[in-house]
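One file, protein_32.txt, carrying compact mmCIF, C-alpha atoms:
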```
# COMPACT_ATOMS: atom_id res chain seq x y z
CA MET A 254 0.00 0.00 0.00
CA SER A 255 1.38 3.41 -0.91
CA ASN A 256 1.24 6.45 1.34
CA VAL A 257 -0.28 9.76 0.25
CA GLY A 258 2.35 12.09 -1.22
CA ILE A 259 2.99 15.67 -0.06
CA VAL A 260 3.75 18.66 -2.27
CA ILE A 261 4.89 21.99 -0.82
CA VAL A 262 4.34 25.11 -2.93
CA SER A 263 5.72 28.45 -1.79
CA HIS A 264 6.56 31.73 -3.48
CA SER A 265 10.05 31.26 -2.08
CA PRO A 266 12.19 28.21 -2.96
CA LEU A 267 13.93 28.64 0.40
CA VAL A 268 10.65 28.40 2.31
CA ALA A 269 9.51 25.40 0.28
CA GLN A 270 12.81 23.58 0.66
CA GLY A 271 13.00 24.42 4.37
CA ALA A 272 9.51 23.08 4.99
CA ALA A 273 10.41 19.92 3.06
CA ASP A 274 13.58 19.54 5.16
CA MET A 275 11.48 19.69 8.31
CA VAL A 276 9.15 16.99 7.00
CA ARG A 277 12.08 14.74 6.10
CA GLN A 278 13.78 15.20 9.43
CA MET A 279 10.70 15.04 11.67
CA VAL A 280 8.59 12.47 9.87
CA GLY A 281 11.05 10.48 7.77
CA ASP A 282 11.17 9.25 4.23
CA GLU A 283 8.22 6.87 4.01
CA VAL A 284 6.11 9.64 2.48
CA PRO A 285 6.64 10.77 -1.14
CA LEU A 286 7.59 14.45 -0.94
CA ALA A 287 8.33 17.21 -3.43
CA TRP A 288 8.52 20.98 -3.31
CA CYS A 289 8.65 23.91 -5.69
CA GLY A 290 8.94 27.65 -5.30
CA GLY A 291 10.02 30.76 -7.13
CA ASP A 292 9.22 31.90 -10.65
CA PRO A 293 11.21 30.69 -13.67
CA GLY A 294 13.16 33.98 -13.69
CA GLY A 295 14.60 33.32 -10.24
CA GLY A 296 12.33 35.72 -8.36
CA LEU A 297 9.58 35.06 -5.87
CA GLY A 298 6.51 33.42 -7.34
CA THR A 299 4.97 30.14 -8.32
CA SER A 300 4.75 28.37 -11.65
CA VAL A 301 2.02 26.05 -12.87
CA GLU A 302 4.56 23.93 -14.71
CA ALA A 303 6.81 23.56 -11.66
CA ILE A 304 3.80 22.60 -9.53
CA MET A 305 2.77 19.96 -12.09
CA GLN A 306 6.30 18.53 -12.02
CA ALA A 307 6.33 18.48 -8.22
CA ILE A 308 3.02 16.62 -8.19
CA GLU A 309 4.49 14.04 -10.57
CA ARG A 310 7.59 13.61 -8.37
CA ALA A 311 5.49 13.07 -5.25
CA TRP A 312 2.85 11.01 -7.05
CA SER A 313 1.27 8.15 -5.17
CA GLU A 314 -1.62 5.90 -6.09
CA ALA A 315 -3.16 7.03 -2.78
CA GLY A 316 -3.10 10.63 -4.01
CA VAL A 317 -1.23 13.84 -3.26
CA ALA A 318 -1.90 16.58 -0.70
CA ILE A 319 -0.64 20.08 -1.58
CA LEU A 320 0.36 22.72 0.97
CA VAL A 321 0.45 26.28 -0.37
CA ASP A 322 1.42 29.64 1.07
CA LEU A 323 -0.30 32.68 -0.43
CA GLY A 324 -2.70 33.60 -3.24
CA GLY A 325 -0.96 32.61 -6.44
CA ALA A 326 0.38 29.42 -4.91
CA GLU A 327 -3.19 28.27 -4.44
CA SER A 328 -4.60 29.46 -7.79
CA ASN A 329 -1.62 28.08 -9.70
CA SER A 330 -1.98 24.77 -7.84
CA GLU A 331 -5.63 24.64 -8.84
CA MET A 332 -4.59 25.30 -12.43
CA ALA A 333 -1.91 22.59 -12.26
CA ILE A 334 -4.48 20.08 -11.01
CA GLU A 335 -6.85 21.07 -13.80
CA MET A 336 -4.12 20.66 -16.41
CA LEU A 337 -3.12 17.24 -15.09
CA GLY A 338 -6.78 16.36 -15.42
CA GLY A 339 -8.31 12.94 -15.75
CA ASP A 340 -8.02 10.38 -13.01
CA LYS A 341 -5.12 12.11 -11.27
CA ALA A 342 -6.95 15.39 -10.71
CA GLY A 343 -9.50 13.57 -8.56
CA ARG A 344 -6.75 12.31 -6.28
CA ILE A 345 -5.12 15.65 -5.47
CA ALA A 346 -6.24 17.88 -2.60
CA ILE A 347 -5.12 21.38 -1.65
CA CYS A 348 -4.97 21.80 2.14
CA ASN A 349 -6.21 25.00 3.73
CA ALA A 350 -3.44 25.05 6.33
CA PRO A 351 -0.23 26.89 7.25
CA VAL A 352 2.47 25.57 4.95
CA VAL A 353 5.14 24.46 7.43
CA GLU A 354 2.94 23.11 10.21
CA GLY A 355 0.44 21.70 7.74
CA ALA A 356 3.15 19.85 5.83
CA VAL A 357 4.50 18.19 8.99
CA MET A 358 1.00 17.28 10.22
CA ALA A 359 -0.10 16.00 6.81
CA ALA A 360 3.06 13.93 6.39
CA THR A 361 2.72 12.44 9.87
CA GLU A 362 -0.82 11.39 9.07
CA ALA A 363 0.21 10.09 5.65
CA SER A 364 3.07 8.04 7.12
CA GLY A 365 0.52 5.86 8.91
CA GLY A 366 -1.21 4.97 5.65
CA ALA A 367 -4.16 7.36 6.05
CA SER A 368 -6.39 8.25 3.10
CA LEU A 369 -6.07 11.54 1.20
CA ALA A 370 -9.21 12.87 2.92
CA GLU A 371 -7.76 12.03 6.36
CA VAL A 372 -4.43 13.64 5.50
CA GLN A 373 -6.18 16.81 4.31
CA ALA A 374 -8.41 16.91 7.41
CA THR A 375 -5.41 16.53 9.74
CA ALA A 376 -3.55 19.41 8.10
CA GLN A 377 -6.67 21.57 8.27
CA GLU A 378 -7.32 20.75 11.92
CA LEU A 379 -4.66 23.36 12.65
CA SER A 380 -6.40 26.20 10.84
CA PRO A 381 -8.51 28.71 12.70
CA ALA A 382 -12.17 27.75 12.39
CA MET B 233 3.64 0.13 35.41
CA SER B 234 0.62 -1.27 33.66
CA THR B 235 -2.65 -2.93 34.55
CA GLN B 236 -4.86 -5.04 32.39
CA SER B 237 -8.55 -5.85 32.67
CA SER B 238 -10.15 -7.75 29.77
CA ASN B 239 -8.49 -6.08 26.78
CA LEU B 240 -8.09 -2.63 28.27
CA VAL B 241 -4.47 -1.83 29.05
CA GLU B 242 -3.41 1.15 31.15
CA ALA B 243 0.03 2.45 31.98
CA SER B 244 1.90 5.60 32.90
CA VAL B 245 5.41 6.87 32.29
CA LEU B 246 7.43 9.94 33.23
CA ILE B 247 8.44 12.21 30.36
CA ASN B 248 12.13 12.95 30.72
CA HIS B 249 12.68 14.47 27.34
CA GLU B 250 14.33 17.87 27.64
CA VAL B 251 11.60 19.76 25.80
CA GLY B 252 8.70 17.48 26.71
CA LEU B 253 6.13 16.37 24.19
CA HIS B 254 6.97 18.96 21.59
CA ALA B 255 6.90 18.65 17.82
CA ARG B 256 9.44 15.93 17.14
CA PRO B 257 8.59 13.67 20.09
CA SER B 258 4.89 14.08 19.26
CA VAL B 259 5.45 13.00 15.67
CA LYS B 260 7.37 9.94 16.85
CA LEU B 261 4.76 8.98 19.42
CA THR B 262 1.92 9.36 16.93
CA LYS B 263 3.74 7.28 14.34
CA VAL B 264 4.30 4.44 16.81
CA ALA B 265 0.64 4.61 17.92
CA LYS B 266 -0.54 4.43 14.30
CA ALA B 267 1.30 1.15 13.81
CA PHE B 268 -1.24 -0.58 16.06
CA ALA B 269 -4.90 -1.40 15.48
CA ALA B 270 -5.86 -0.76 19.11
CA ARG B 271 -7.69 2.39 20.15
CA ILE B 272 -5.04 4.32 22.07
CA GLU B 273 -5.55 7.42 24.19
CA LEU B 274 -3.21 9.48 26.32
CA ALA B 275 -3.58 12.07 29.04
CA ILE B 276 -1.09 14.34 30.78
CA GLY B 277 -1.16 14.09 34.56
CA VAL B 278 -3.97 12.86 36.79
CA GLY B 279 -7.26 14.24 35.53
CA GLY B 280 -5.83 15.32 32.18
CA ALA B 281 -8.17 15.09 29.20
CA TRP B 282 -7.89 11.87 27.20
CA VAL B 283 -6.91 12.48 23.60
CA ASP B 284 -6.44 10.17 20.62
CA ALA B 285 -2.77 9.13 20.62
CA LYS B 286 -2.94 8.69 16.84
CA SER B 287 -3.89 12.34 16.26
CA ILE B 288 -0.72 14.38 15.75
CA VAL B 289 -2.61 17.64 16.19
CA LYS B 290 -4.14 16.58 19.51
CA VAL B 291 -0.95 15.02 20.87
CA MET B 292 1.08 18.12 20.08
CA ALA B 293 -1.61 20.33 21.61
CA THR B 294 -1.12 18.68 25.02
CA LYS B 295 2.20 20.56 25.27
CA ALA B 296 3.34 18.14 27.96
CA PRO B 297 6.49 19.50 29.63
CA LYS B 298 9.50 17.59 30.93
CA GLY B 299 8.60 15.92 34.21
CA ALA B 300 4.95 15.39 33.28
CA VAL B 301 3.45 11.95 33.74
CA LEU B 302 2.03 10.50 30.56
CA PHE B 303 -0.97 8.22 31.09
CA LEU B 304 -1.84 5.73 28.39
CA ARG B 305 -4.82 3.52 27.86
CA ALA B 306 -5.45 1.21 24.97
CA GLU B 307 -8.16 -1.17 23.96
CA GLY B 308 -8.03 -3.88 21.35
CA GLN B 309 -6.22 -7.04 20.43
CA ASP B 310 -2.74 -5.49 20.24
CA ALA B 311 -3.33 -3.05 23.11
CA GLN B 312 -0.66 -4.65 25.29
CA ASP B 313 1.98 -4.41 22.59
CA ALA B 314 0.94 -0.88 21.70
CA VAL B 315 1.29 0.39 25.27
CA ALA B 316 4.60 -1.44 25.70
CA ALA B 317 5.96 0.14 22.50
CA LEU B 318 4.86 3.64 23.52
CA ILE B 319 6.27 3.31 27.04
CA ALA B 320 9.54 2.07 25.57
CA LEU B 321 9.67 5.06 23.20
CA VAL B 322 9.23 7.54 26.06
CA GLU B 323 11.76 5.67 28.23
CA ARG B 324 14.26 5.80 25.36
CA ASP B 325 13.76 9.57 25.41
CA PHE B 326 12.22 9.36 21.93
CA ASP B 327 15.56 8.09 20.59
CA GLU B 328 16.97 11.58 20.81
CA GLY B 329 19.15 11.46 23.87
CA ASN B 330 20.73 14.86 24.24
CA ALA B 331 19.76 15.96 20.75
CA HIS B 332 18.24 19.12 22.11
CA VAL B 333 21.11 21.40 22.81
CA VAL B 334 20.45 25.02 23.60
CA ALA B 335 21.67 27.12 20.72
CA PRO B 336 24.47 29.58 21.51
```

Show me the file's structure as C-alpha cells.
Amino acid sequence: MSNVGIVIVSHSPLVAQGAADMVRQMVGDEVPLAWCGGDPGGGLGTSVEAIMQAIERAWSEAGVAILVDLGGAESNSEMAIEMLGGDKAGRIAICNAPVVEGAVMAATEASGGASLAEVQATAQELSPA
Amino acid sequence: MSTQSSNLVEASVLINHEVGLHARPSVKLTKVAKAFAARIELAIGVGGAWVDAKSIVKVMATKAPKGAVLFLRAEGQDAQDAVAALIALVERDFDEGNAHVVAP
C-alpha cells in the first residue's frame, strides 16, 4: 500500500525547501515528498509547470496533498491540477493550512497509511475555524 | 507500570525528554501509535483530558512538559503491545538522547 504524497508550494524556494527539510527530518522518508517555489526567472513566485512537475515527483496511487502559502500558490496549484486532469486530478487535494505546520501534520498522518481525505483533514485541523 | 482488565491496558510513564512532548517527540509517538490497530488514548497528569494518541494535532496540543506523567490507555487485540511500544519510546527519550542542545 502506498502512502499519500505531499507537495509543498511556496513563493520562495527557500521556504519550500526548508519546509520539506522539516518533514524529512521530523517524519522520515516513508512519504513521497516534493517541493517547488520561485518563478522561472529566479524571483519570488509560483509556476504552474513547476507545480505539475512536483506533483508528478510526489505522485502516489493514494493521491497527493498540496500545501500552499499565499494567493498565487493556491490558484496556480488549482490550475496545475486542472491541467493534469483525468483520473489524477481527482486524487489531489489542496490543504487550507499553514504551509510548514500543515506539511508536517499532513506527512505524519500520511506516514501511517491514512487516506487523502484524512491527510487533508489533519492538516486543516490546525487552521482557525 | 501497567494494569490489564479484559483487553483494556493502562500504563503511565514519566516524560524525561528535555523539551517534553513537543513537535518531534509528538510526531514519533503518533507514528508508533498508528502502527497498532488498538484504540489508544493518552492524558497528561492525573485528571488530564484523554486524547487520541494517533492524532498528531491533539498530541502536540497537550504541550506536555519535561517531568509530566504521561498516562496511556489502549483497547483492542494489540493493546498490550501498543502500550509497551509507547512506554519504551518515552523511556528511550524518543531516541533523541541529548539531541536538544540550547543554541548559543

Discussion item. I need the contact residues of chain B against chain A, so if you could list those with any atom within 8 Å, counting all atoms listed in the file, and return them as a ChimeraX atom specification, that would help.
Written reply: /B:256,259-260,262-263,266-267,287-289

Fill in: Nearest residue to Leu323 in chain A from the set A:Gly343, A:Gly338, A:Pro285, A:Pro351 (distances using all atoms listed in the file)
A:Pro351

Leaving out Gly299 in chain B and any residue of its chain fewer than 3 positions from it, which residues lie within 9 Å of it when counting all atoms listed in the file, given as an mmCIF file with C-alpha atoms, keeping the file's coordinate frame?
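The file below, result.cif, is the result:
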```cif
data_model
loop_
_atom_site.group_PDB
_atom_site.id
_atom_site.type_symbol
_atom_site.label_atom_id
_atom_site.label_comp_id
_atom_site.auth_asym_id
_atom_site.auth_seq_id
_atom_site.Cartn_x
_atom_site.Cartn_y
_atom_site.Cartn_z
ATOM 1 C CA LEU B 246 7.430 9.940 33.230
ATOM 2 C CA ILE B 247 8.440 12.210 30.360
ATOM 3 C CA ASN B 248 12.130 12.950 30.720
ATOM 4 C CA HIS B 249 12.680 14.470 27.340
ATOM 5 C CA GLU B 250 14.330 17.870 27.640
ATOM 6 C CA GLY B 252 8.700 17.480 26.710
ATOM 7 C CA ALA B 296 3.340 18.140 27.960
#
```

Practice prompt. Give me the residues within 10 Å of Ile308 in chain A as an MDAnalysis selection string, counting all atoms listed in the file and dropping any in the same chain fewer than 4 places off.
Written response: chainID A and resid 258:261 285:289 302:304 312:313 316:319 330 333:334 337 341 345

Those selected residues, please, written with C-alpha atoms and delivered as a short mmCIF file (atom, residue, chain, number, x, y, z; two decimals), in the frame of the given file.
```cif
data_model
loop_
_atom_site.label_atom_id
_atom_site.label_comp_id
_atom_site.auth_asym_id
_atom_site.auth_seq_id
_atom_site.Cartn_x
_atom_site.Cartn_y
_atom_site.Cartn_z
CA GLY A 258 2.35 12.09 -1.22
CA ILE A 259 2.99 15.67 -0.06
CA VAL A 260 3.75 18.66 -2.27
CA ILE A 261 4.89 21.99 -0.82
CA PRO A 285 6.64 10.77 -1.14
CA LEU A 286 7.59 14.45 -0.94
CA ALA A 287 8.33 17.21 -3.43
CA TRP A 288 8.52 20.98 -3.31
CA CYS A 289 8.65 23.91 -5.69
CA GLU A 302 4.56 23.93 -14.71
CA ALA A 303 6.81 23.56 -11.66
CA ILE A 304 3.80 22.60 -9.53
CA TRP A 312 2.85 11.01 -7.05
CA SER A 313 1.27 8.15 -5.17
CA GLY A 316 -3.10 10.63 -4.01
CA VAL A 317 -1.23 13.84 -3.26
CA ALA A 318 -1.90 16.58 -0.70
CA ILE A 319 -0.64 20.08 -1.58
CA SER A 330 -1.98 24.77 -7.84
CA ALA A 333 -1.91 22.59 -12.26
CA ILE A 334 -4.48 20.08 -11.01
CA LEU A 337 -3.12 17.24 -15.09
CA LYS A 341 -5.12 12.11 -11.27
CA ILE A 345 -5.12 15.65 -5.47
#
```

Worksheet entry | Nearest-residue call for Phe303 in chain B, choices B:Ala281, B:Phe326, B:Pro257, B:Phe268, using all atoms listed in the file |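 Among B:Ala281, B:Phe326, B:Pro257, B:Phe268, it is B:Ala281 that comes nearest to Phe303 in chain B.
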
Item to complete: Please indicate the distance in Å from CA of Asp284 in chain B to CA of Ala300 in chain B, rounded to one decimal place.
Response: 17.8 Å

Discussion item. Taking only C-alpha atoms into account, name the residue in B:Ile276, B:Pro297, B:Val283, B:Glu307 that is nearest to Val251 in chain B.
Written reply: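 Comparing B:Ile276, B:Pro297, B:Val283, B:Glu307 against Val251 in chain B, the winner is B:Pro297.
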
Let me have the centre and edge lengths in Å, one decimal, of the box along x, y and z around every listed atom of range 264-280 of chain B with 4 Å of margin on each side, as JSON.
```
{"center_x": -1.7, "center_y": 7.0, "center_z": 25.3, "size_x": 20.0, "size_y": 24.7, "size_z": 31.0}
```

Practice prompt. Kindly give the distance, in Å, that separates CA of Ala311 in chain B and CA of Ala270 in chain B, rounded to a single decimal.
Written response: 5.3 Å

Worksheet item: In file coordinates, which residues lie within 7 Å of (-1.0, 4.8, 31.8) using all atoms listed in the file, given as JSON, numbers by chain?
Response: {"B": [234, 242, 243, 244, 245, 302, 303, 304, 305]}

Discussion item. With 10 Å as the threshold, what does the neighbourhood of (-8.2, -3.7, 19.3) contain in terms of residues, counting only C-alpha atoms? Coordinates are those of the file; answer as a list in words.
Written reply: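 Here is the list of nearby residues: Asn239, Leu240, Phe268, Ala269, Ala270, Arg271, Ile272, Ala306, Glu307, Gly308, Gln309, Asp310, Ala311, Gln312 and Ala314 of chain B.
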
Worksheet item: Between CA of Val322 in chain B and CA of Asn256 in chain A, what is the spacing in Å?
Response: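 Those two atoms sit 26.0 Å apart.
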
Please rebuild range 311-344 of chain A with N, CA and C atoms and give the result as an mmCIF file, in the coordinates of the input.
```cif
data_model
loop_
_atom_site.group_PDB
_atom_site.id
_atom_site.type_symbol
_atom_site.label_atom_id
_atom_site.label_comp_id
_atom_site.auth_asym_id
_atom_site.auth_seq_id
_atom_site.Cartn_x
_atom_site.Cartn_y
_atom_site.Cartn_z
ATOM 1 N N ALA A 311 6.020 13.576 -6.523
ATOM 2 C CA ALA A 311 5.490 13.070 -5.250
ATOM 3 C C ALA A 311 4.321 12.115 -5.477
ATOM 4 N N TRP A 312 4.074 11.756 -6.736
ATOM 5 C CA TRP A 312 2.850 11.010 -7.050
ATOM 6 C C TRP A 312 2.772 9.673 -6.301
ATOM 7 N N SER A 313 1.561 9.398 -5.857
ATOM 8 C CA SER A 313 1.270 8.150 -5.170
ATOM 9 C C SER A 313 -0.110 7.706 -5.621
ATOM 10 N N GLU A 314 -0.302 6.414 -5.715
ATOM 11 C CA GLU A 314 -1.620 5.900 -6.090
ATOM 12 C C GLU A 314 -2.677 6.323 -5.069
ATOM 13 N N ALA A 315 -2.230 6.605 -3.833
ATOM 14 C CA ALA A 315 -3.160 7.030 -2.780
ATOM 15 C C ALA A 315 -3.521 8.510 -2.911
ATOM 16 N N GLY A 316 -2.815 9.218 -3.800
ATOM 17 C CA GLY A 316 -3.100 10.630 -4.010
ATOM 18 C C GLY A 316 -2.018 11.539 -3.480
ATOM 19 N N VAL A 317 -2.218 12.838 -3.677
ATOM 20 C CA VAL A 317 -1.230 13.840 -3.260
ATOM 21 C C VAL A 317 -1.939 14.997 -2.553
ATOM 22 N N ALA A 318 -1.388 15.406 -1.421
ATOM 23 C CA ALA A 318 -1.900 16.580 -0.700
ATOM 24 C C ALA A 318 -0.937 17.735 -0.948
ATOM 25 N N ILE A 319 -1.479 18.913 -1.292
ATOM 26 C CA ILE A 319 -0.640 20.080 -1.580
ATOM 27 C C ILE A 319 -0.791 21.119 -0.480
ATOM 28 N N LEU A 320 0.346 21.618 -0.002
ATOM 29 C CA LEU A 320 0.360 22.720 0.970
ATOM 30 C C LEU A 320 0.826 23.958 0.223
ATOM 31 N N VAL A 321 0.110 25.054 0.370
ATOM 32 C CA VAL A 321 0.450 26.280 -0.370
ATOM 33 C C VAL A 321 0.602 27.454 0.599
ATOM 34 N N ASP A 322 1.343 28.483 0.179
ATOM 35 C CA ASP A 322 1.420 29.640 1.070
ATOM 36 C C ASP A 322 0.355 30.690 0.719
ATOM 37 N N LEU A 323 0.632 31.582 -0.206
ATOM 38 C CA LEU A 323 -0.300 32.680 -0.430
ATOM 39 C C LEU A 323 -0.894 32.670 -1.838
ATOM 40 N N GLY A 324 -2.032 33.322 -1.964
ATOM 41 C CA GLY A 324 -2.700 33.600 -3.240
ATOM 42 C C GLY A 324 -2.341 32.784 -4.449
ATOM 43 N N GLY A 325 -1.314 33.248 -5.179
ATOM 44 C CA GLY A 325 -0.960 32.610 -6.440
ATOM 45 C C GLY A 325 -0.555 31.156 -6.274
ATOM 46 N N ALA A 326 -0.004 30.812 -5.136
ATOM 47 C CA ALA A 326 0.380 29.420 -4.910
ATOM 48 C C ALA A 326 -0.852 28.528 -4.973
ATOM 49 N N GLU A 327 -1.956 29.057 -4.432
ATOM 50 C CA GLU A 327 -3.190 28.270 -4.440
ATOM 51 C C GLU A 327 -3.818 28.244 -5.835
ATOM 52 N N SER A 328 -3.943 29.436 -6.462
ATOM 53 C CA SER A 328 -4.600 29.460 -7.790
ATOM 54 C C SER A 328 -3.771 28.709 -8.820
ATOM 55 N N ASN A 329 -2.452 28.825 -8.745
ATOM 56 C CA ASN A 329 -1.620 28.080 -9.700
ATOM 57 C C ASN A 329 -1.672 26.574 -9.432
ATOM 58 N N SER A 330 -1.839 26.195 -8.154
ATOM 59 C CA SER A 330 -1.980 24.770 -7.840
ATOM 60 C C SER A 330 -3.286 24.243 -8.413
ATOM 61 N N GLU A 331 -4.340 25.059 -8.279
ATOM 62 C CA GLU A 331 -5.630 24.640 -8.840
ATOM 63 C C GLU A 331 -5.514 24.467 -10.353
ATOM 64 N N MET A 332 -4.764 25.388 -10.978
ATOM 65 C CA MET A 332 -4.590 25.300 -12.430
ATOM 66 C C MET A 332 -3.767 24.059 -12.793
ATOM 67 N N ALA A 333 -2.745 23.774 -11.993
ATOM 68 C CA ALA A 333 -1.910 22.590 -12.260
ATOM 69 C C ALA A 333 -2.743 21.316 -12.166
ATOM 70 N N ILE A 334 -3.616 21.265 -11.179
ATOM 71 C CA ILE A 334 -4.480 20.080 -11.010
ATOM 72 C C ILE A 334 -5.389 19.945 -12.233
ATOM 73 N N GLU A 335 -5.940 21.090 -12.651
ATOM 74 C CA GLU A 335 -6.850 21.070 -13.800
ATOM 75 C C GLU A 335 -6.118 20.592 -15.055
ATOM 76 N N MET A 336 -4.870 21.043 -15.215
ATOM 77 C CA MET A 336 -4.120 20.660 -16.410
ATOM 78 C C MET A 336 -3.690 19.202 -16.380
ATOM 79 N N LEU A 337 -3.442 18.668 -15.178
ATOM 80 C CA LEU A 337 -3.120 17.240 -15.090
ATOM 81 C C LEU A 337 -4.344 16.427 -15.477
ATOM 82 N N GLY A 338 -5.501 16.914 -15.013
ATOM 83 C CA GLY A 338 -6.780 16.360 -15.420
ATOM 84 C C GLY A 338 -6.986 14.881 -15.157
ATOM 85 N N GLY A 339 -8.001 14.361 -15.778
ATOM 86 C CA GLY A 339 -8.310 12.940 -15.750
ATOM 87 C C GLY A 339 -8.406 12.348 -14.355
ATOM 88 N N ASP A 340 -7.914 11.143 -14.246
ATOM 89 C CA ASP A 340 -8.020 10.380 -13.010
ATOM 90 C C ASP A 340 -7.178 11.009 -11.899
ATOM 91 N N LYS A 341 -6.027 11.554 -12.275
ATOM 92 C CA LYS A 341 -5.120 12.110 -11.270
ATOM 93 C C LYS A 341 -5.742 13.310 -10.540
ATOM 94 N N ALA A 342 -6.397 14.169 -11.299
ATOM 95 C CA ALA A 342 -6.950 15.390 -10.710
ATOM 96 C C ALA A 342 -7.874 15.070 -9.537
ATOM 97 N N GLY A 343 -8.575 13.951 -9.627
ATOM 98 C CA GLY A 343 -9.500 13.570 -8.560
ATOM 99 C C GLY A 343 -8.800 13.048 -7.325
ATOM 100 N N ARG A 344 -7.501 12.832 -7.435
ATOM 101 C CA ARG A 344 -6.750 12.310 -6.280
ATOM 102 C C ARG A 344 -5.708 13.310 -5.795
#
```
